[in-house]
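Asker: The file below is data_39.cif, mmCIF, C-alpha atoms (C1' of nucleotides):
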data_entry
loop_
_atom_site.label_atom_id
_atom_site.label_comp_id
_atom_site.auth_asym_id
_atom_site.auth_seq_id
_atom_site.Cartn_x
_atom_site.Cartn_y
_atom_site.Cartn_z
CA MET A 1440 88.86 -19.99 -103.23
CA GLY A 1441 88.60 -21.03 -106.87
CA VAL A 1442 91.10 -21.57 -109.62
CA VAL A 1443 94.42 -19.81 -109.22
CA ARG A 1444 96.82 -21.29 -111.73
CA LYS A 1445 96.42 -21.83 -115.43
CA THR A 1446 97.31 -25.44 -116.05
CA LYS A 1447 97.11 -27.49 -119.21
CA HIS A 1448 94.29 -29.57 -117.77
CA LEU A 1449 92.25 -26.53 -116.98
CA GLU A 1450 92.53 -25.19 -120.50
CA GLN A 1451 91.55 -28.56 -121.89
CA VAL A 1452 88.53 -28.79 -119.61
CA LEU A 1453 87.31 -25.37 -120.69
CA ARG A 1454 87.85 -26.27 -124.33
CA VAL A 1455 85.77 -29.42 -123.95
CA PHE A 1456 82.95 -27.44 -122.35
CA ARG A 1457 83.04 -24.82 -125.09
CA GLN A 1458 82.92 -27.46 -127.78
CA SER A 1459 79.99 -29.28 -126.21
CA SER A 1460 76.48 -28.07 -126.79
CA ASP A 1461 75.20 -30.27 -123.97
CA PRO A 1462 75.98 -30.30 -120.27
CA LEU A 1463 78.55 -32.90 -119.23
CA SER A 1464 78.99 -35.25 -116.32
CA ALA A 1465 82.37 -35.79 -114.69
CA ARG A 1466 82.60 -39.14 -116.42
CA MET A 1467 81.81 -37.69 -119.84
CA LEU A 1468 84.37 -34.98 -119.28
CA LEU A 1469 86.94 -37.54 -118.21
CA ASP A 1470 86.36 -39.48 -121.42
CA ALA A 1471 86.44 -36.36 -123.56
CA LEU A 1472 89.76 -35.07 -122.29
CA PRO A 1473 92.64 -35.68 -124.73
CA ASN A 1474 95.09 -37.11 -122.21
CA GLU A 1475 94.64 -39.21 -119.09
CA VAL A 1476 93.56 -37.15 -116.12
CA ASN A 1477 92.85 -38.51 -112.67
CA LYS A 1478 89.21 -38.39 -111.68
CA SER A 1479 89.99 -36.62 -108.39
CA THR A 1480 91.62 -33.88 -110.39
CA VAL A 1481 88.59 -33.54 -112.60
CA TYR A 1482 86.22 -33.33 -109.66
CA ARG A 1483 88.42 -30.75 -108.01
CA MET A 1484 88.59 -28.63 -111.15
CA LEU A 1485 84.82 -28.82 -111.52
CA ASP A 1486 84.33 -27.75 -107.91
CA LYS A 1487 86.56 -24.77 -108.32
CA LEU A 1488 85.08 -23.73 -111.61
CA GLU A 1489 81.67 -23.84 -110.01
CA ASP A 1490 82.89 -21.78 -107.06
CA ASP A 1491 84.17 -19.21 -109.52
CA GLY A 1492 80.80 -19.12 -111.28
CA VAL A 1493 82.29 -20.33 -114.55
CA ILE A 1494 80.09 -23.42 -114.65
CA HIS A 1495 76.95 -24.49 -112.82
CA SER A 1496 75.72 -27.92 -111.93
CA PHE A 1497 72.48 -29.80 -111.48
CA MET A 1498 71.45 -33.36 -110.66
CA THR A 1499 69.63 -35.70 -112.98
CA LEU A 1500 67.12 -38.23 -111.75
CA GLU A 1501 69.82 -40.91 -112.06
CA HIS A 1502 71.70 -39.02 -109.33
CA ILE A 1503 74.48 -37.96 -111.62
CA ARG A 1504 75.74 -34.42 -111.54
CA PHE A 1505 75.97 -32.55 -114.81
CA TYR A 1506 77.92 -29.38 -115.44
CA ALA A 1507 77.50 -26.64 -118.01
CA LEU A 1508 79.11 -23.30 -118.75
CA CYS A 1509 77.39 -20.30 -117.19
CA LYS A 1510 76.76 -18.32 -120.31
CA GLY A 1511 74.46 -15.58 -119.20
CA CYS A 1512 74.84 -15.96 -115.46
CA SER A 1513 76.21 -12.82 -113.91
CA SER A 1514 77.99 -14.38 -110.99
CA GLY A 1515 76.90 -11.60 -108.68
CA GLN A 1516 73.11 -11.77 -108.46
CA ARG A 1517 72.66 -15.29 -109.69
CA VAL A 1518 69.13 -16.56 -109.81
CA ASP A 1519 69.69 -18.31 -113.04
CA SER A 1520 66.53 -20.14 -113.82
CA HIS A 1521 68.15 -21.78 -116.77
CA ALA A 1522 66.42 -25.09 -117.41
CA HIS A 1523 67.63 -28.50 -118.53
CA PHE A 1524 66.05 -31.49 -120.12
CA GLN A 1525 66.74 -35.18 -119.83
CA CYS A 1526 65.29 -37.77 -122.18
CA THR A 1527 64.03 -40.77 -120.25
CA SER A 1528 64.79 -43.05 -123.18
CA CYS A 1529 68.27 -42.11 -124.36
CA LYS A 1530 69.24 -40.41 -121.06
CA ARG A 1531 70.79 -37.55 -122.95
CA VAL A 1532 70.89 -34.24 -121.15
CA SER A 1533 70.56 -30.90 -122.87
CA CYS A 1534 70.03 -27.23 -122.15
CA PHE A 1535 66.80 -25.44 -122.86
CA SER A 1536 67.37 -22.37 -124.90
CA ASP A 1537 64.44 -20.46 -123.47
CA GLU A 1538 64.97 -18.80 -120.15
CA ILE A 1539 62.34 -19.81 -117.66
CA VAL A 1540 60.69 -17.06 -115.69
CA LEU A 1541 59.96 -18.20 -112.18
CA PRO A 1542 58.22 -16.44 -109.35
CA ILE A 1543 60.78 -16.16 -106.56
CA PRO A 1544 59.15 -16.98 -103.24
CA GLU A 1545 59.33 -14.46 -100.43
CA LYS A 1546 59.84 -16.89 -97.60
CA ALA A 1547 63.56 -17.48 -98.09
CA ARG A 1548 66.59 -15.87 -99.65
CA ILE A 1549 66.77 -17.82 -102.87
CA THR A 1550 70.16 -17.94 -104.54
CA SER A 1551 69.53 -20.43 -107.31
CA VAL A 1552 66.83 -22.39 -109.02
CA GLN A 1553 67.28 -25.55 -110.95
CA VAL A 1554 64.67 -26.81 -113.36
CA LEU A 1555 64.83 -30.23 -114.94
CA PHE A 1556 62.27 -31.31 -117.49
CA THR A 1557 62.04 -35.00 -118.23
CA GLY A 1558 60.28 -36.81 -121.03
CA GLN A 1559 61.05 -38.07 -124.49
CA CYS A 1560 63.14 -36.15 -126.96
CA GLN A 1561 62.33 -35.71 -130.64
CA SER A 1562 64.51 -38.51 -131.92
CA CYS A 1563 63.28 -41.01 -129.33
CA LEU A 1564 59.68 -40.16 -130.14
CA SER A 1565 59.97 -41.02 -133.83
CA MET B 50 54.07 -53.23 -111.85
CA GLY B 51 53.75 -51.35 -108.60
CA VAL B 52 52.57 -52.37 -105.16
CA VAL B 53 50.30 -55.37 -105.02
CA ARG B 54 50.11 -56.52 -101.42
CA LYS B 55 49.37 -54.57 -98.29
CA THR B 56 52.17 -55.35 -95.90
CA LYS B 57 52.87 -53.87 -92.48
CA HIS B 58 55.94 -52.12 -93.78
CA LEU B 59 53.99 -50.48 -96.55
CA GLU B 60 51.40 -49.11 -94.16
CA GLN B 61 54.14 -47.80 -91.91
CA VAL B 62 55.90 -46.12 -94.80
CA LEU B 63 52.73 -44.37 -95.88
CA ARG B 64 52.03 -43.30 -92.31
CA VAL B 65 55.50 -41.77 -92.00
CA PHE B 66 54.98 -39.85 -95.24
CA ARG B 67 51.58 -38.59 -94.13
CA GLN B 68 52.97 -37.44 -90.80
CA SER B 69 55.88 -35.60 -92.38
CA SER B 70 55.39 -32.13 -93.76
CA ASP B 71 58.72 -32.35 -95.57
CA PRO B 72 59.96 -34.67 -98.28
CA LEU B 73 62.07 -37.57 -97.03
CA SER B 74 65.18 -39.37 -98.20
CA ALA B 75 65.49 -43.14 -98.02
CA ARG B 76 67.77 -42.75 -95.04
CA MET B 77 65.37 -40.47 -93.18
CA LEU B 78 62.55 -42.88 -93.89
CA LEU B 79 64.66 -45.77 -92.67
CA ASP B 80 65.31 -43.94 -89.42
CA ALA B 81 61.68 -42.91 -89.01
CA LEU B 82 60.23 -46.38 -89.39
CA PRO B 83 59.19 -47.90 -86.04
CA ASN B 84 60.85 -51.28 -86.56
CA GLU B 85 64.01 -52.34 -88.34
CA VAL B 86 63.54 -52.59 -92.08
CA ASN B 87 66.21 -53.54 -94.55
CA LYS B 88 67.35 -50.74 -96.80
CA SER B 89 66.79 -52.79 -99.94
CA THR B 90 63.19 -53.22 -98.92
CA VAL B 91 62.79 -49.51 -98.40
CA TYR B 92 64.28 -48.68 -101.77
CA ARG B 93 62.05 -51.24 -103.43
CA MET B 94 58.94 -49.88 -101.76
CA LEU B 95 59.87 -46.36 -102.78
CA ASP B 96 60.40 -47.46 -106.37
CA LYS B 97 57.04 -49.12 -106.52
CA LEU B 98 55.20 -46.27 -104.85
CA GLU B 99 56.73 -43.93 -107.37
CA ASP B 100 55.72 -46.22 -110.23
CA ASP B 101 52.19 -46.15 -108.90
CA GLY B 102 52.20 -42.35 -108.75
CA VAL B 103 51.72 -42.33 -105.00
CA ILE B 104 54.96 -40.48 -104.38
CA HIS B 105 57.33 -38.52 -106.57
CA SER B 106 61.05 -37.98 -106.23
CA PHE B 107 63.67 -35.38 -106.97
CA MET B 108 67.41 -34.99 -106.45
CA THR B 109 69.03 -32.46 -104.17
CA LEU B 110 72.36 -30.84 -104.98
CA GLU B 111 74.00 -33.27 -102.54
CA HIS B 112 72.91 -36.04 -104.94
CA ILE B 113 70.42 -37.51 -102.49
CA ARG B 114 67.01 -38.52 -103.68
CA PHE B 115 64.04 -37.18 -101.75
CA TYR B 116 60.49 -38.50 -101.92
CA ALA B 117 57.18 -36.84 -101.17
CA LEU B 118 53.53 -37.79 -101.43
CA CYS B 119 51.83 -36.78 -104.66
CA LYS B 120 49.00 -34.76 -103.22
CA GLY B 121 47.51 -33.05 -106.18
CA CYS B 122 49.15 -35.05 -108.92
CA SER B 123 46.59 -36.83 -111.01
CA SER B 124 48.66 -39.78 -112.05
CA GLY B 125 47.29 -39.68 -115.58
CA GLN B 126 48.41 -36.36 -117.07
CA ARG B 127 51.25 -35.69 -114.72
CA VAL B 128 53.20 -32.57 -115.41
CA ASP B 129 53.42 -31.74 -111.78
CA SER B 130 55.50 -28.63 -111.53
CA HIS B 131 55.44 -28.83 -107.79
CA ALA B 132 58.57 -27.16 -106.47
CA HIS B 133 60.93 -27.91 -103.61
CA PHE B 134 63.36 -25.93 -101.59
CA GLN B 135 66.64 -26.84 -99.92
CA CYS B 136 68.39 -24.64 -97.42
CA THR B 137 72.11 -24.49 -98.14
CA SER B 138 72.86 -24.00 -94.44
CA CYS B 139 70.76 -26.55 -92.59
CA LYS B 140 70.27 -28.79 -95.66
CA ARG B 141 66.62 -29.22 -94.80
CA VAL B 142 64.32 -29.93 -97.72
CA SER B 143 60.74 -28.72 -97.89
CA CYS B 144 57.86 -28.40 -100.32
CA PHE B 145 56.74 -25.11 -101.73
CA SER B 146 53.08 -24.57 -101.22
CA ASP B 147 52.58 -22.49 -104.34
CA GLU B 148 52.23 -24.35 -107.56
CA ILE B 149 54.69 -23.14 -110.13
CA VAL B 150 53.38 -22.43 -113.59
CA LEU B 151 55.91 -23.37 -116.20
CA PRO B 152 55.81 -23.00 -119.96
CA ILE B 153 56.02 -26.52 -121.35
CA PRO B 154 58.38 -26.59 -124.33
CA GLU B 155 57.12 -27.87 -127.64
CA LYS B 156 60.26 -29.68 -128.68
CA ALA B 157 59.73 -32.82 -126.61
CA ARG B 158 57.01 -34.77 -124.90
CA ILE B 159 57.49 -33.59 -121.35
CA THR B 160 56.20 -35.89 -118.65
CA SER B 161 57.52 -34.22 -115.55
CA VAL B 162 59.27 -31.12 -114.33
CA GLN B 163 61.27 -30.81 -111.19
CA VAL B 164 62.06 -27.47 -109.68
CA LEU B 165 64.50 -27.06 -106.82
CA PHE B 166 65.09 -23.69 -105.23
CA THR B 167 68.18 -23.32 -103.07
CA GLY B 168 69.14 -20.61 -100.66
CA GLN B 169 68.78 -19.83 -96.99
CA CYS B 170 65.62 -20.54 -95.05
CA GLN B 171 64.01 -18.16 -92.56
CA SER B 172 65.54 -19.70 -89.44
CA CYS B 173 69.04 -19.85 -90.91
CA LEU B 174 68.81 -16.21 -91.97
CA SER B 175 68.09 -14.89 -88.49
"C1'" DA C 18 44.64 -75.50 -95.48
"C1'" DC C 19 47.33 -75.18 -99.59
"C1'" DA C 20 49.47 -73.38 -103.56
"C1'" DT C 21 50.91 -69.27 -105.70
"C1'" DT C 22 53.62 -65.44 -106.07
"C1'" DG C 23 54.78 -60.89 -104.31
"C1'" DT C 24 57.78 -59.20 -100.52
"C1'" DT C 25 61.66 -59.28 -97.37
"C1'" DG C 26 66.42 -59.80 -95.55
"C1'" DC C 27 70.98 -60.60 -96.42
"C1'" DA C 28 75.36 -60.02 -98.35
"C1'" DA C 29 77.83 -58.72 -101.87
"C1'" DC C 30 78.26 -55.46 -105.19
"C1'" DC C 31 78.39 -50.96 -108.29
"C1'" DC C 32 79.52 -46.35 -109.00
"C1'" DA C 33 79.74 -41.25 -108.11
"C1'" DG C 34 82.18 -38.53 -105.45
"C1'" DT C 35 85.74 -37.49 -101.45
"C1'" DT C 36 90.06 -37.40 -98.73
"C1'" DG C 37 94.93 -37.60 -97.01
"C1'" DC C 38 99.29 -37.44 -98.48
"C1'" DA C 39 103.38 -37.41 -101.12
"C1'" DT C 40 104.90 -35.54 -105.60
"C1'" DT C 41 104.94 -32.28 -109.37
"C1'" DA C 42 104.66 -27.92 -111.50
"C1'" DA C 43 103.12 -22.87 -111.90
"C1'" DT C 44 104.26 -18.43 -109.81
"C1'" DT C 45 106.80 -15.37 -106.97
"C1'" DT C 46 110.93 -13.84 -104.82
"C1'" DT C 47 115.69 -13.05 -104.70
"C1'" DA D 769 118.00 -17.77 -113.78
"C1'" DA D 770 117.76 -20.39 -109.72
"C1'" DA D 771 115.48 -20.96 -105.39
"C1'" DA D 772 111.47 -20.79 -102.60
"C1'" DT D 773 106.60 -21.03 -102.20
"C1'" DT D 774 102.37 -23.11 -102.70
"C1'" DA D 775 98.65 -24.63 -105.81
"C1'" DA D 776 97.54 -28.60 -108.61
"C1'" DT D 777 98.02 -33.49 -109.48
"C1'" DG D 778 98.05 -38.63 -108.96
"C1'" DC D 779 97.26 -42.38 -106.23
"C1'" DA D 780 94.94 -45.43 -103.34
"C1'" DA D 781 91.84 -46.07 -100.09
"C1'" DC D 782 87.51 -44.78 -98.58
"C1'" DT D 783 82.36 -43.17 -98.06
"C1'" DG D 784 77.70 -43.65 -98.94
"C1'" DG D 785 73.56 -43.93 -101.85
"C1'" DG D 786 71.53 -47.19 -104.37
"C1'" DT D 787 71.16 -52.06 -106.79
"C1'" DT D 788 71.01 -57.14 -107.42
"C1'" DG D 789 70.64 -62.30 -106.97
"C1'" DC D 790 68.85 -65.53 -104.20
"C1'" DA D 791 66.80 -68.05 -100.52
"C1'" DA D 792 63.22 -67.56 -96.95
"C1'" DC D 793 58.86 -65.63 -95.73
"C1'" DA D 794 54.08 -64.06 -95.88
"C1'" DA D 795 49.77 -62.03 -98.19
"C1'" DT D 796 46.17 -63.46 -101.19
"C1'" DG D 797 42.93 -66.67 -104.11
"C1'" DT D 798 40.80 -71.08 -104.31
#
Show this structure as structure tokens.

Answerer:
Amino acid sequence: MGVVRKTKHLEQVLRVFRQSSDPLSARMLLDALPNEVNKSTVYRMLDKLEDDGVIHSFMTLEHIRFYALCKGCSSGQRVDSHAHFQCTSCKRVSCFSDEIVLPIPEKARITSVQVLFTGQCQSCLS
Amino acid sequence: MGVVRKTKHLEQVLRVFRQSSDPLSARMLLDALPNEVNKSTVYRMLDKLEDDGVIHSFMTLEHIRFYALCKGCSSGQRVDSHAHFQCTSCKRVSCFSDEIVLPIPEKARITSVQVLFTGQCQSCLS
DNA sequence: ACATTGTTGCAACCCAGTTGCATTAATTTT
DNA sequence: AAAATTAATGCAACTGGGTTGCAACAATGT
């Protein structure tokens, strides 16, 4: 189905994503939006944007879903092995710039791969 | 901290894991245990087993945590890039037999990598 | 057998995410 | 431009995975 109408909220959501270098959770997005938006609305927008291939999502080990813009993902053949990283100390989530090359197994029809590295980031190490 | 005492529940949990070829969620484990066990107890056992490096966990896209025995993982230097697969149709989760070789990024001290393939499994394709 | 202390069960709780429904607002039709 | 259509929104209640504090219980050391 996906997004059909251009609403103010939608524009604001996209602006927040564009301005953020890191992936965002629904909560973070909710806090970042300029005016009050209901959380159901935010979840619904995120769902639709993901359906449309505008953003993609992945789960962190704290069972929180994070969303990020699909920059390179051609929404047709999407095996975007784009990887993410979460620092176990500060919990911050970020994207890995390098594309990860993964061997796609034969056994199944793979449509996506999510890769999450965990460990300590630079600033938490020092 | 980890597990200290050998209780009946603990033995049963380990038996269930050994008998299962697939990773298990807390709920599935709860259902598979022969006698009634409180869910808090199960979650606590899982936490401790993971601390001890006996099992490892990962999140599915439905934000459910799955656990599996660490077969090859030496609990010392553990960058176990063991991959999992979830079928988007039947939701079943399984382990990939092939070890995935991943380039470990320099920027951070990586301690673990989780890889989750999603798509359709053999039986759902036919 | 007893003391110690890790483990369990219980109930209440937290929080991410969902749902049904009435209302509002973006688009289309006239 | 106003009316009709229908997607998007807000609200409140709900679901379900996972956690927590505490009293009761049971595995281990002496």

Asker: For the structure shown, which residues end up in the PyMOL selection byres ((chain D) within 9 of (chain A))? Put them as a ChimeraX atom specification, please?

Answerer: /D:775-779

Asker: Applied to the shown file, which residues does the PyMOL selection byres ((chain C and resi 28) around 12) return, written as number ranges by chain?

Answerer: B: 87, 89; C: 26-27, 29-30; D: 788-791

Asker: I need the output of the PyMOL selection byres ((chain C) within 10 of (chain B)) for this file as a list in words; which residues are they?

Answerer: DG23, DT24, DT25, DG26, DC27, DA33 and DG34 of chain C

Asker: Report as a VMD selection string the set of chain A residues whose atoms approach chain B to within 10 Å, with distances computed over all atoms listed in the file.

Answerer: chain A and resid 1496 to 1504 1518 1520 1522 to 1527 1535 to 1537 1539 to 1564

Asker: Once you have the residues from the selection above, write them out as a JSON list (two decimals), in the frame of the given file, restricted to C-alpha atoms.

Answerer:
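After the write, again.json holds the following:
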[["chain", "number", "residue", "atom", "x", "y", "z"],
["A", 1496, "SER", "CA", 75.72, -27.92, -111.93],
["A", 1497, "PHE", "CA", 72.48, -29.80, -111.48],
["A", 1498, "MET", "CA", 71.45, -33.36, -110.66],
["A", 1499, "THR", "CA", 69.63, -35.70, -112.98],
["A", 1500, "LEU", "CA", 67.12, -38.23, -111.75],
["A", 1501, "GLU", "CA", 69.82, -40.91, -112.06],
["A", 1502, "HIS", "CA", 71.70, -39.02, -109.33],
["A", 1503, "ILE", "CA", 74.48, -37.96, -111.62],
["A", 1504, "ARG", "CA", 75.74, -34.42, -111.54],
["A", 1518, "VAL", "CA", 69.13, -16.56, -109.81],
["A", 1520, "SER", "CA", 66.53, -20.14, -113.82],
["A", 1522, "ALA", "CA", 66.42, -25.09, -117.41],
["A", 1523, "HIS", "CA", 67.63, -28.50, -118.53],
["A", 1524, "PHE", "CA", 66.05, -31.49, -120.12],
["A", 1525, "GLN", "CA", 66.74, -35.18, -119.83],
["A", 1526, "CYS", "CA", 65.29, -37.77, -122.18],
["A", 1527, "THR", "CA", 64.03, -40.77, -120.25],
["A", 1535, "PHE", "CA", 66.80, -25.44, -122.86],
["A", 1536, "SER", "CA", 67.37, -22.37, -124.90],
["A", 1537, "ASP", "CA", 64.44, -20.46, -123.47],
["A", 1539, "ILE", "CA", 62.34, -19.81, -117.66],
["A", 1540, "VAL", "CA", 60.69, -17.06, -115.69],
["A", 1541, "LEU", "CA", 59.96, -18.20, -112.18],
["A", 1542, "PRO", "CA", 58.22, -16.44, -109.35],
["A", 1543, "ILE", "CA", 60.78, -16.16, -106.56],
["A", 1544, "PRO", "CA", 59.15, -16.98, -103.24],
["A", 1545, "GLU", "CA", 59.33, -14.46, -100.43],
["A", 1546, "LYS", "CA", 59.84, -16.89, -97.60],
["A", 1547, "ALA", "CA", 63.56, -17.48, -98.09],
["A", 1548, "ARG", "CA", 66.59, -15.87, -99.65],
["A", 1549, "ILE", "CA", 66.77, -17.82, -102.87],
["A", 1550, "THR", "CA", 70.16, -17.94, -104.54],
["A", 1551, "SER", "CA", 69.53, -20.43, -107.31],
["A", 1552, "VAL", "CA", 66.83, -22.39, -109.02],
["A", 1553, "GLN", "CA", 67.28, -25.55, -110.95],
["A", 1554, "VAL", "CA", 64.67, -26.81, -113.36],
["A", 1555, "LEU", "CA", 64.83, -30.23, -114.94],
["A", 1556, "PHE", "CA", 62.27, -31.31, -117.49],
["A", 1557, "THR", "CA", 62.04, -35.00, -118.23],
["A", 1558, "GLY", "CA", 60.28, -36.81, -121.03],
["A", 1559, "GLN", "CA", 61.05, -38.07, -124.49],
["A", 1560, "CYS", "CA", 63.14, -36.15, -126.96],
["A", 1561, "GLN", "CA", 62.33, -35.71, -130.64],
["A", 1562, "SER", "CA", 64.51, -38.51, -131.92],
["A", 1563, "CYS", "CA", 63.28, -41.01, -129.33],
["A", 1564, "LEU", "CA", 59.68, -40.16, -130.14]]

Asker: One decimal, Å: what's the distance from C1' of DA43 (chain C) over to CA of Tyr1506 (chain A), could you say?

Answerer: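 So the two atoms, C1' of DA43 (chain C) and CA of Tyr1506 (chain A), lie 26.3 Å apart.
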